[in-house]
$ cat entry.cif   # mmCIF, C-alpha atoms, pLDDT in the B column; chains and numbers go by the auth columns
data_target
#
loop_
_atom_site.group_PDB
_atom_site.id
_atom_site.type_symbol
_atom_site.label_atom_id
_atom_site.label_comp_id
_atom_site.label_asym_id
_atom_site.label_seq_id
_atom_site.Cartn_x
_atom_site.Cartn_y
_atom_site.Cartn_z
_atom_site.B_iso_or_equiv
_atom_site.auth_seq_id
_atom_site.auth_asym_id
ATOM 1 C CA MET A 1 49.931 106.518 137.266 36.00 1044 A
ATOM 2 C CA ASP A 2 53.119 108.272 136.247 43.00 1045 A
ATOM 3 C CA ASP A 3 51.988 111.289 134.267 42.00 1046 A
ATOM 4 C CA ALA A 4 55.447 111.632 132.727 40.00 1047 A
ATOM 5 C CA ASN A 5 55.164 108.179 131.198 59.00 1048 A
ATOM 6 C CA GLU A 6 51.505 107.634 130.459 55.00 1049 A
ATOM 7 C CA GLY A 7 48.691 109.617 128.959 52.00 1050 A
ATOM 8 C CA ASP A 8 47.237 110.986 125.778 42.00 1051 A
ATOM 9 C CA ARG A 9 48.462 113.688 123.484 40.00 1052 A
ATOM 10 C CA ASP A 10 46.571 116.551 125.083 36.00 1053 A
ATOM 11 C CA GLY A 11 45.993 115.205 128.601 40.00 1054 A
ATOM 12 C CA SER A 12 42.212 115.595 128.343 38.00 1055 A
ATOM 13 C CA ALA A 13 41.067 111.974 128.069 53.00 1056 A
ATOM 14 C CA SER A 14 41.074 109.380 130.829 85.00 1057 A
ATOM 15 C CA THR A 15 43.465 106.462 130.531 88.00 1058 A
ATOM 16 C CA PRO A 16 41.700 103.368 129.083 92.00 1059 A
ATOM 17 C CA LEU A 17 41.367 100.378 131.389 93.00 1060 A
ATOM 18 C CA PRO A 18 43.103 97.968 128.961 95.00 1061 A
ATOM 19 C CA PHE A 19 46.147 100.236 128.898 96.00 1062 A
ATOM 20 C CA ARG A 20 46.147 100.539 132.689 95.00 1063 A
ATOM 21 C CA ALA A 21 46.015 96.752 132.999 95.00 1064 A
ATOM 22 C CA ALA A 22 48.826 96.312 130.466 96.00 1065 A
ATOM 23 C CA VAL A 23 51.036 98.762 132.354 96.00 1066 A
ATOM 24 C CA ASP A 24 50.241 97.117 135.695 95.00 1067 A
ATOM 25 C CA ALA A 25 51.373 93.787 134.238 94.00 1068 A
ATOM 26 C CA LEU A 26 54.673 95.349 133.194 94.00 1069 A
ATOM 27 C CA ARG A 27 55.212 96.711 136.685 93.00 1070 A
ATOM 28 C CA ALA A 28 54.437 93.363 138.296 91.00 1071 A
ATOM 29 C CA ALA A 29 56.763 91.270 136.121 89.00 1072 A
ATOM 30 C CA ARG A 30 59.518 89.344 137.924 86.00 1073 A
ATOM 31 C CA LEU A 31 62.833 89.508 136.104 86.00 1074 A
ATOM 32 C CA ARG A 32 66.379 88.189 136.352 85.00 1075 A
ATOM 33 C CA PRO A 33 68.393 89.945 139.081 86.00 1076 A
ATOM 34 C CA GLN A 34 71.156 90.878 136.618 87.00 1077 A
ATOM 35 C CA ILE A 35 68.725 93.089 134.685 91.00 1078 A
ATOM 36 C CA GLU A 36 67.987 96.499 136.165 91.00 1079 A
ATOM 37 C CA VAL A 37 64.749 98.005 134.837 92.00 1080 A
ATOM 38 C CA GLU A 38 63.255 101.423 135.477 93.00 1081 A
ATOM 39 C CA PRO A 39 60.593 103.654 133.871 94.00 1082 A
ATOM 40 C CA THR A 40 61.645 106.322 131.417 95.00 1083 A
ATOM 41 C CA PRO A 41 59.593 108.976 129.567 94.00 1084 A
ATOM 42 C CA ALA A 42 57.664 107.509 126.653 93.00 1085 A
ATOM 43 C CA PRO A 43 57.528 109.114 123.198 90.00 1086 A
ATOM 44 C CA LYS A 44 54.403 111.257 122.890 87.00 1087 A
ATOM 45 C CA ARG A 45 53.752 111.305 119.149 89.00 1088 A
ATOM 46 C CA LEU A 46 53.676 107.625 118.252 91.00 1089 A
ATOM 47 C CA ALA A 47 50.329 106.811 119.900 94.00 1090 A
ATOM 48 C CA PRO A 48 47.733 108.383 122.219 94.00 1091 A
ATOM 49 C CA PHE A 49 49.085 106.354 125.155 95.00 1092 A
ATOM 50 C CA GLY A 50 52.563 105.102 125.915 96.00 1093 A
ATOM 51 C CA TYR A 51 54.688 103.605 128.671 97.00 1094 A
ATOM 52 C CA ALA A 52 58.437 103.030 128.459 97.00 1095 A
ATOM 53 C CA LEU A 53 61.093 101.106 130.340 96.00 1096 A
ATOM 54 C CA GLU A 54 64.863 101.116 130.046 95.00 1097 A
ATOM 55 C CA ALA A 55 67.046 98.250 131.181 94.00 1098 A
ATOM 56 C CA THR A 56 70.701 97.481 131.758 93.00 1099 A
ATOM 57 C CA VAL A 57 72.274 94.043 132.069 92.00 1100 A
ATOM 58 C CA VAL A 58 74.799 94.293 134.911 88.00 1101 A
ATOM 59 C CA ASP A 59 77.540 91.889 135.940 82.00 1102 A
ATOM 60 C CA GLY A 60 79.436 93.276 138.923 79.00 1103 A
ATOM 61 C CA ASP A 61 80.646 96.717 137.853 79.00 1104 A
ATOM 62 C CA GLN A 62 80.190 95.996 134.145 82.00 1105 A
ATOM 63 C CA ASP A 63 77.254 97.017 131.939 86.00 1106 A
ATOM 64 C CA LEU A 64 77.005 94.221 129.377 86.00 1107 A
ATOM 65 C CA ALA A 65 73.992 95.434 127.372 91.00 1108 A
ATOM 66 C CA ASP A 66 71.184 97.948 127.553 93.00 1109 A
ATOM 67 C CA GLY A 67 67.866 98.603 125.901 95.00 1110 A
ATOM 68 C CA ARG A 68 64.505 100.289 125.872 97.00 1111 A
ATOM 69 C CA LEU A 69 61.007 98.817 125.596 97.00 1112 A
ATOM 70 C CA VAL A 70 58.005 101.010 124.752 97.00 1113 A
ATOM 71 C CA LEU A 71 54.355 99.977 125.027 97.00 1114 A
ATOM 72 C CA LEU A 72 52.066 101.950 122.711 97.00 1115 A
ATOM 73 C CA HIS A 73 48.265 101.951 122.766 96.00 1116 A
ATOM 74 C CA ASP A 74 45.696 103.402 120.383 95.00 1117 A
ATOM 75 C CA PRO A 75 42.131 102.515 121.478 94.00 1118 A
ATOM 76 C CA ALA A 76 40.862 103.188 117.952 92.00 1119 A
ATOM 77 C CA GLY A 77 43.258 100.643 116.480 88.00 1120 A
ATOM 78 C CA HIS A 78 46.096 101.185 114.056 87.00 1121 A
ATOM 79 C CA ASP A 79 46.093 99.844 110.493 89.00 1122 A
ATOM 80 C CA ALA A 80 49.851 99.196 110.416 91.00 1123 A
ATOM 81 C CA TRP A 81 49.741 97.406 113.782 94.00 1124 A
ATOM 82 C CA ARG A 82 46.564 95.414 113.079 92.00 1125 A
ATOM 83 C CA GLY A 83 45.694 95.853 116.725 93.00 1126 A
ATOM 84 C CA THR A 84 45.429 98.435 119.473 95.00 1127 A
ATOM 85 C CA PHE A 85 48.795 97.739 121.157 96.00 1128 A
ATOM 86 C CA ARG A 86 52.348 97.801 119.842 97.00 1129 A
ATOM 87 C CA LEU A 87 55.687 97.019 121.474 97.00 1130 A
ATOM 88 C CA VAL A 88 58.799 98.845 120.241 97.00 1131 A
ATOM 89 C CA THR A 89 62.323 98.005 121.340 96.00 1132 A
ATOM 90 C CA LEU A 90 65.972 98.945 121.091 95.00 1133 A
ATOM 91 C CA VAL A 91 68.659 96.538 122.343 95.00 1134 A
ATOM 92 C CA ARG A 92 72.406 97.092 122.059 91.00 1135 A
ATOM 93 C CA ALA A 93 75.622 95.523 123.296 90.00 1136 A
ATOM 94 C CA GLU A 94 79.327 95.539 122.610 85.00 1137 A
ATOM 95 C CA LEU A 95 80.857 92.669 120.658 79.00 1138 A
ATOM 96 C CA GLU A 96 84.183 90.971 120.345 75.00 1139 A
ATOM 97 C CA PRO A 97 85.660 91.982 116.929 69.00 1140 A
ATOM 98 C CA GLU A 98 85.647 88.409 115.614 70.00 1141 A
ATOM 99 C CA MET A 99 81.952 88.049 116.458 72.00 1142 A
ATOM 100 C CA ALA A 100 81.120 91.366 114.782 69.00 1143 A
ATOM 101 C CA ALA A 101 82.760 90.099 111.571 72.00 1144 A
ATOM 102 C CA ASP A 102 80.459 87.065 111.317 77.00 1145 A
ATOM 103 C CA PRO A 103 78.287 87.566 108.199 80.00 1146 A
ATOM 104 C CA LEU A 104 75.437 85.592 109.790 86.00 1147 A
ATOM 105 C CA LEU A 105 75.300 87.767 112.904 84.00 1148 A
ATOM 106 C CA PRO A 106 72.292 89.922 111.861 88.00 1149 A
ATOM 107 C CA ASP A 107 70.186 86.848 111.040 92.00 1150 A
ATOM 108 C CA VAL A 108 71.197 85.185 114.309 89.00 1151 A
ATOM 109 C CA CYS A 109 70.310 88.277 116.359 90.00 1152 A
ATOM 110 C CA TRP A 110 66.883 88.542 114.723 93.00 1153 A
ATOM 111 C CA SER A 111 66.282 84.857 115.445 93.00 1154 A
ATOM 112 C CA TRP A 112 67.095 85.553 119.111 92.00 1155 A
ATOM 113 C CA LEU A 113 64.239 88.054 119.235 94.00 1156 A
ATOM 114 C CA THR A 114 61.671 85.800 117.588 94.00 1157 A
ATOM 115 C CA GLY A 115 62.959 82.803 119.525 93.00 1158 A
ATOM 116 C CA ALA A 116 62.622 84.621 122.868 93.00 1159 A
ATOM 117 C CA LEU A 117 58.940 85.262 122.118 94.00 1160 A
ATOM 118 C CA GLN A 118 58.299 81.735 120.885 93.00 1161 A
ATOM 119 C CA ALA A 119 60.024 80.193 123.912 92.00 1162 A
ATOM 120 C CA ARG A 120 57.361 81.752 126.141 92.00 1163 A
ATOM 121 C CA GLY A 121 54.511 80.817 123.809 93.00 1164 A
ATOM 122 C CA LEU A 122 53.817 84.411 122.813 93.00 1165 A
ATOM 123 C CA ALA A 123 52.055 85.109 119.543 86.00 1166 A
ATOM 124 C CA CYS A 124 52.736 88.402 117.809 88.00 1167 A
ATOM 125 C CA GLY A 125 51.723 90.066 114.584 91.00 1168 A
ATOM 126 C CA GLU A 126 53.367 92.367 112.061 92.00 1169 A
ATOM 127 C CA PRO A 127 56.949 92.000 113.362 93.00 1170 A
ATOM 128 C CA SER A 128 59.496 94.322 111.780 94.00 1171 A
ATOM 129 C CA GLY A 129 62.928 95.655 112.590 95.00 1172 A
ATOM 130 C CA THR A 130 66.591 96.078 111.810 95.00 1173 A
ATOM 131 C CA VAL A 131 69.867 94.647 113.082 93.00 1174 A
ATOM 132 C CA THR A 132 72.844 96.988 112.799 90.00 1175 A
ATOM 133 C CA ARG A 133 76.485 96.388 113.622 86.00 1176 A
ATOM 134 C CA ALA A 134 79.075 99.129 113.807 83.00 1177 A
ATOM 135 C CA SER A 135 82.816 99.195 114.426 78.00 1178 A
ATOM 136 C CA SER A 136 85.023 102.061 115.598 80.00 1179 A
ATOM 137 C CA HIS A 137 88.790 102.224 115.036 77.00 1180 A
ATOM 138 C CA TYR A 138 90.935 104.873 116.699 80.00 1181 A
ATOM 139 C CA PHE A 139 93.869 106.821 115.265 86.00 1182 A
ATOM 140 C CA GLY A 140 96.299 109.586 116.160 82.00 1183 A
ATOM 141 C CA GLY A 141 95.927 110.705 119.763 85.00 1184 A
ATOM 142 C CA LEU A 142 93.326 107.971 120.307 83.00 1185 A
ATOM 143 C CA ALA A 143 95.347 105.159 118.753 82.00 1186 A
ATOM 144 C CA GLU A 144 95.888 103.419 122.091 85.00 1187 A
ATOM 145 C CA ARG A 145 92.180 102.693 122.423 82.00 1188 A
ATOM 146 C CA PRO A 146 91.159 99.195 121.313 79.00 1189 A
ATOM 147 C CA ALA A 147 88.760 98.825 118.389 76.00 1190 A
ATOM 148 C CA ASN A 148 85.128 98.800 119.454 78.00 1191 A
ATOM 149 C CA SER A 149 82.217 96.896 117.865 82.00 1192 A
ATOM 150 C CA GLN A 150 78.526 97.083 118.750 87.00 1193 A
ATOM 151 C CA ILE A 151 75.315 95.335 117.765 89.00 1194 A
ATOM 152 C CA GLU A 152 71.976 97.135 117.797 92.00 1195 A
ATOM 153 C CA ILE A 153 68.542 95.548 117.399 95.00 1196 A
ATOM 154 C CA ARG A 154 65.525 97.752 116.683 96.00 1197 A
ATOM 155 C CA ALA A 155 62.187 96.003 116.408 97.00 1198 A
ATOM 156 C CA SER A 156 58.450 96.284 116.911 97.00 1199 A
ATOM 157 C CA TRP A 157 55.576 93.808 117.033 97.00 1200 A
ATOM 158 C CA THR A 158 51.874 93.622 117.857 96.00 1201 A
ATOM 159 C CA PRO A 159 51.149 91.476 120.941 96.00 1202 A
ATOM 160 C CA ARG A 160 48.065 89.275 120.835 92.00 1203 A
ATOM 161 C CA GLU A 161 45.270 90.743 122.943 88.00 1204 A
ATOM 162 C CA GLY A 162 43.623 88.514 125.538 84.00 1205 A
ATOM 163 C CA LEU A 163 40.637 88.933 127.829 80.00 1206 A
ATOM 164 C CA GLY A 164 39.368 92.482 127.925 82.00 1207 A
ATOM 165 C CA GLY A 165 41.597 93.396 125.001 87.00 1208 A
ATOM 166 C CA VAL A 166 44.721 93.256 127.190 92.00 1209 A
ATOM 167 C CA PRO A 167 47.936 91.577 125.974 94.00 1210 A
ATOM 168 C CA ASP A 168 50.169 89.624 128.357 94.00 1211 A
ATOM 169 C CA THR A 169 52.690 92.437 128.603 95.00 1212 A
ATOM 170 C CA GLY A 170 54.410 90.900 131.610 94.00 1213 A
ATOM 171 C CA ALA A 171 55.354 87.840 129.558 94.00 1214 A
ATOM 172 C CA HIS A 172 56.485 90.043 126.671 96.00 1215 A
ATOM 173 C CA LEU A 173 58.708 91.984 129.060 95.00 1216 A
ATOM 174 C CA ALA A 174 60.171 88.729 130.362 93.00 1217 A
ATOM 175 C CA SER A 175 60.914 87.546 126.811 94.00 1218 A
ATOM 176 C CA TRP A 176 62.515 90.905 126.019 95.00 1219 A
ATOM 177 C CA CYS A 177 64.742 90.496 129.075 93.00 1220 A
ATOM 178 C CA ASP A 178 65.625 87.003 127.813 92.00 1221 A
ATOM 179 C CA LEU A 179 66.807 88.683 124.610 93.00 1222 A
ATOM 180 C CA LEU A 180 68.805 91.255 126.566 93.00 1223 A
ATOM 181 C CA ALA A 181 70.477 88.531 128.605 91.00 1224 A
ATOM 182 C CA GLN A 182 71.294 86.535 125.489 89.00 1225 A
ATOM 183 C CA VAL A 183 72.815 89.524 123.696 89.00 1226 A
ATOM 184 C CA ALA A 184 74.807 90.296 126.857 88.00 1227 A
ATOM 185 C CA GLY A 185 76.262 86.793 126.888 84.00 1228 A
ATOM 186 C CA LEU A 186 74.685 85.675 130.163 82.00 1229 A
ATOM 187 C CA PRO A 187 74.151 81.938 130.657 75.00 1230 A
ATOM 188 C CA PRO A 188 70.597 80.643 130.124 68.00 1231 A
ATOM 189 C CA ALA A 189 68.202 81.193 133.005 64.00 1232 A
ATOM 190 C CA GLY A 190 66.838 77.646 133.013 54.00 1233 A
ATOM 191 C CA PRO A 191 67.900 74.092 132.086 42.00 1234 A
ATOM 192 C CA GLY A 192 65.588 74.097 129.068 40.00 1235 A
ATOM 193 C CA ASP A 193 67.685 76.846 127.496 41.00 1236 A
ATOM 194 C CA ALA A 194 71.025 75.052 127.685 34.00 1237 A
ATOM 195 C CA SER A 195 71.293 74.696 123.894 33.00 1238 A
ATOM 196 C CA VAL A 196 70.883 78.422 123.213 37.00 1239 A
ATOM 197 C CA VAL A 197 73.916 80.066 121.598 39.00 1240 A
ATOM 198 C CA THR A 198 74.936 83.304 123.302 38.00 1241 A
ATOM 199 C CA LEU A 199 77.496 86.006 122.699 39.00 1242 A
ATOM 200 C CA PRO A 200 80.745 85.657 124.674 40.00 1243 A
ATOM 201 C CA GLN A 201 81.068 87.658 127.853 38.00 1244 A
ATOM 202 C CA ARG A 202 82.449 91.160 127.365 38.00 1245 A
ATOM 203 C CA ARG A 203 85.870 91.663 128.937 35.00 1246 A
ATOM 204 C CA GLY A 204 85.375 95.256 130.028 39.00 1247 A
ATOM 205 C CA PRO A 205 82.732 97.826 130.877 36.00 1248 A
ATOM 206 C CA GLN A 206 80.489 98.930 128.028 38.00 1249 A
ATOM 207 C CA SER A 207 81.164 102.321 126.518 37.00 1250 A
ATOM 208 C CA ARG A 208 78.193 104.645 126.607 35.00 1251 A
#
$ encode --input "entry.cif" --output "structure tokens"
Amino acid sequence: MDDANEGDRDGSASTPLPFRAAVDALRAARLRPQIEVEPTPAPKRLAPFGYALEATVVDGDQDLADGRLVLLHDPAGHDAWRGTFRLVTLVRAELEPEMAADPLLPDVCWSWLTGALQARGLACGEPSGTVTRASSHYFGGLAERPANSQIEIRASWTPREGLGGVPDTGAHLASWCDLLAQVAGLPPAGPGDASVVTLPQRRGPQSR
């Protein structure tokens, strides 16, 4: 196990088997080749155990979207979660200005998240989150830069626990990557997704 990414608050307790199994499922998940995923340090104060991944949607030399997915585990359970596991995410991407101006955009982006979970038959509890859009306009010495707009989705949900109290984290990771791909404007991965509405492809590399 990666000690920088997993463990309890004080390092004295052994890692629970359900958490180990959930992390193993994340590591074994097979994802779209355009999505680059790697471990990153997990927050240490949200739960006794945590594991985090960061991802970037890449098309050639362009970064179309990026995000972070954190798996939290509290063996004693958590009243707000109504379970022992919680998934927390951040997804962001640049937008064309006309898309950013759409008043329905926040509702559509939230429906992409819930729809990605439903498309893989994943049940979740206590979903919550925010959708934020921001625009930057440049003046003076920066006036030559084009206006920049970005969408950001922050969300969390409780995955249903299966045998041994372990949720299907691999499937949840796959659905999260479906969301990333959709926000990035990639075409659907399969023929069953042909009717899904996606953002248009970005014309240039994403600003960091």
$ atom_distance --input "entry.cif" --atom1 "atom CA of A:Leu1074" --atom2 "atom CA of A:Gly1207"
25.0 Å
$ residues_near_point --input "entry.cif" --point "(55.7, 106.5, 115.6)" --cutoff "12 Å" --atoms "all atoms listed in the file" --output "ChimeraX atom specification"
/A:1085-1093,1113-1117,1121,1123-1124,1129-1131,1199
$ closest_residue --input "entry.cif" --among "A:Arg1135, A:Arg1070, A:Arg1125, A:Arg1188" --to "A:Gly1110" --atoms "all atoms listed in the file"
A:Arg1135
$ resolve_selection --input "entry.cif" --expression "the PyMOL selection byres ((chain A and resi 1216-1218) around 9)" --output "ChimeraX atom specification"
/A:1069,1072-1075,1112,1156,1158-1163,1165,1211-1215,1219-1223
$ axis_aligned_box --input "entry.cif" --around "stretch 1222-1231 of chain A" --padding-each-side "8 Å" --output "lines of an AutoDock Vina configuration file"
center_x = 71.5
center_y = 85.9
center_z = 127.2
size_x = 25.5
size_y = 26.6
size_z = 23.0
$ decode --input "entry.cif" --residues "stretch 1139-1203 of chain A" --atoms "C-alpha atoms" --output "mmCIF file, in the first residue's frame"
data_model
loop_
_atom_site.group_PDB
_atom_site.id
_atom_site.type_symbol
_atom_site.label_atom_id
_atom_site.label_comp_id
_atom_site.auth_asym_id
_atom_site.auth_seq_id
_atom_site.Cartn_x
_atom_site.Cartn_y
_atom_site.Cartn_z
ATOM 1 C CA GLU A 1139 -16.526 28.059 -25.314
ATOM 2 C CA PRO A 1140 -17.958 31.478 -24.250
ATOM 3 C CA GLU A 1141 -21.351 30.802 -25.840
ATOM 4 C CA MET A 1142 -21.664 27.528 -23.922
ATOM 5 C CA ALA A 1143 -20.694 29.212 -20.647
ATOM 6 C CA ALA A 1144 -23.529 31.724 -21.155
ATOM 7 C CA ASP A 1145 -26.211 29.015 -21.326
ATOM 8 C CA PRO A 1146 -28.435 29.446 -18.235
ATOM 9 C CA LEU A 1147 -29.190 25.707 -18.179
ATOM 10 C CA LEU A 1148 -25.529 24.688 -18.095
ATOM 11 C CA PRO A 1149 -25.304 23.988 -14.321
ATOM 12 C CA ASP A 1150 -28.377 21.728 -14.408
ATOM 13 C CA VAL A 1151 -27.056 19.917 -17.482
ATOM 14 C CA CYS A 1152 -23.641 19.335 -15.887
ATOM 15 C CA TRP A 1153 -25.211 17.924 -12.720
ATOM 16 C CA SER A 1154 -27.359 15.614 -14.845
ATOM 17 C CA TRP A 1155 -24.165 14.371 -16.530
ATOM 18 C CA LEU A 1156 -22.856 13.248 -13.145
ATOM 19 C CA THR A 1157 -26.023 11.457 -12.075
ATOM 20 C CA GLY A 1158 -26.509 10.078 -15.575
ATOM 21 C CA ALA A 1159 -22.970 8.642 -15.669
ATOM 22 C CA LEU A 1160 -23.706 6.689 -12.479
ATOM 23 C CA GLN A 1161 -27.121 5.535 -13.653
ATOM 24 C CA ALA A 1162 -25.759 4.422 -17.033
ATOM 25 C CA ARG A 1163 -23.592 1.855 -15.241
ATOM 26 C CA GLY A 1164 -26.378 0.779 -12.892
ATOM 27 C CA LEU A 1165 -24.715 2.283 -9.831
ATOM 28 C CA ALA A 1166 -26.836 3.173 -6.833
ATOM 29 C CA CYS A 1167 -25.655 5.964 -4.568
ATOM 30 C CA GLY A 1168 -26.945 7.749 -1.511
ATOM 31 C CA GLU A 1169 -26.830 11.288 -0.160
ATOM 32 C CA PRO A 1170 -25.538 12.961 -3.351
ATOM 33 C CA SER A 1171 -24.589 16.617 -2.996
ATOM 34 C CA GLY A 1172 -22.493 19.141 -4.851
ATOM 35 C CA THR A 1173 -22.097 22.381 -6.737
ATOM 36 C CA VAL A 1174 -21.614 23.428 -10.351
ATOM 37 C CA THR A 1175 -19.666 26.654 -10.826
ATOM 38 C CA ARG A 1176 -18.858 28.553 -13.995
ATOM 39 C CA ALA A 1177 -16.375 31.392 -14.166
ATOM 40 C CA SER A 1178 -15.232 33.743 -16.914
ATOM 41 C CA SER A 1179 -12.039 35.791 -17.171
ATOM 42 C CA HIS A 1180 -11.652 38.877 -19.375
ATOM 43 C CA TYR A 1181 -8.276 40.513 -19.930
ATOM 44 C CA PHE A 1182 -7.414 44.211 -20.125
ATOM 45 C CA GLY A 1183 -4.445 46.538 -20.476
ATOM 46 C CA GLY A 1184 -1.213 44.650 -21.079
ATOM 47 C CA LEU A 1185 -3.183 41.388 -21.205
ATOM 48 C CA ALA A 1186 -5.857 42.609 -23.607
ATOM 49 C CA GLU A 1187 -4.624 40.392 -26.439
ATOM 50 C CA ARG A 1188 -5.550 37.256 -24.517
ATOM 51 C CA PRO A 1189 -8.927 35.771 -25.468
ATOM 52 C CA ALA A 1190 -11.657 35.582 -22.831
ATOM 53 C CA ASN A 1191 -11.572 32.359 -20.847
ATOM 54 C CA SER A 1192 -14.518 30.428 -19.358
ATOM 55 C CA GLN A 1193 -14.422 27.350 -17.130
ATOM 56 C CA ILE A 1194 -16.890 24.921 -15.600
ATOM 57 C CA GLU A 1195 -16.216 23.226 -12.273
ATOM 58 C CA ILE A 1196 -18.201 20.363 -10.746
ATOM 59 C CA ARG A 1197 -17.714 19.488 -7.075
ATOM 60 C CA ALA A 1198 -19.708 16.559 -5.762
ATOM 61 C CA SER A 1199 -19.824 13.705 -3.284
ATOM 62 C CA TRP A 1200 -21.959 10.592 -2.892
ATOM 63 C CA THR A 1201 -22.168 7.394 -0.856
ATOM 64 C CA PRO A 1202 -21.618 4.253 -2.971
ATOM 65 C CA ARG A 1203 -23.760 1.230 -2.174
#
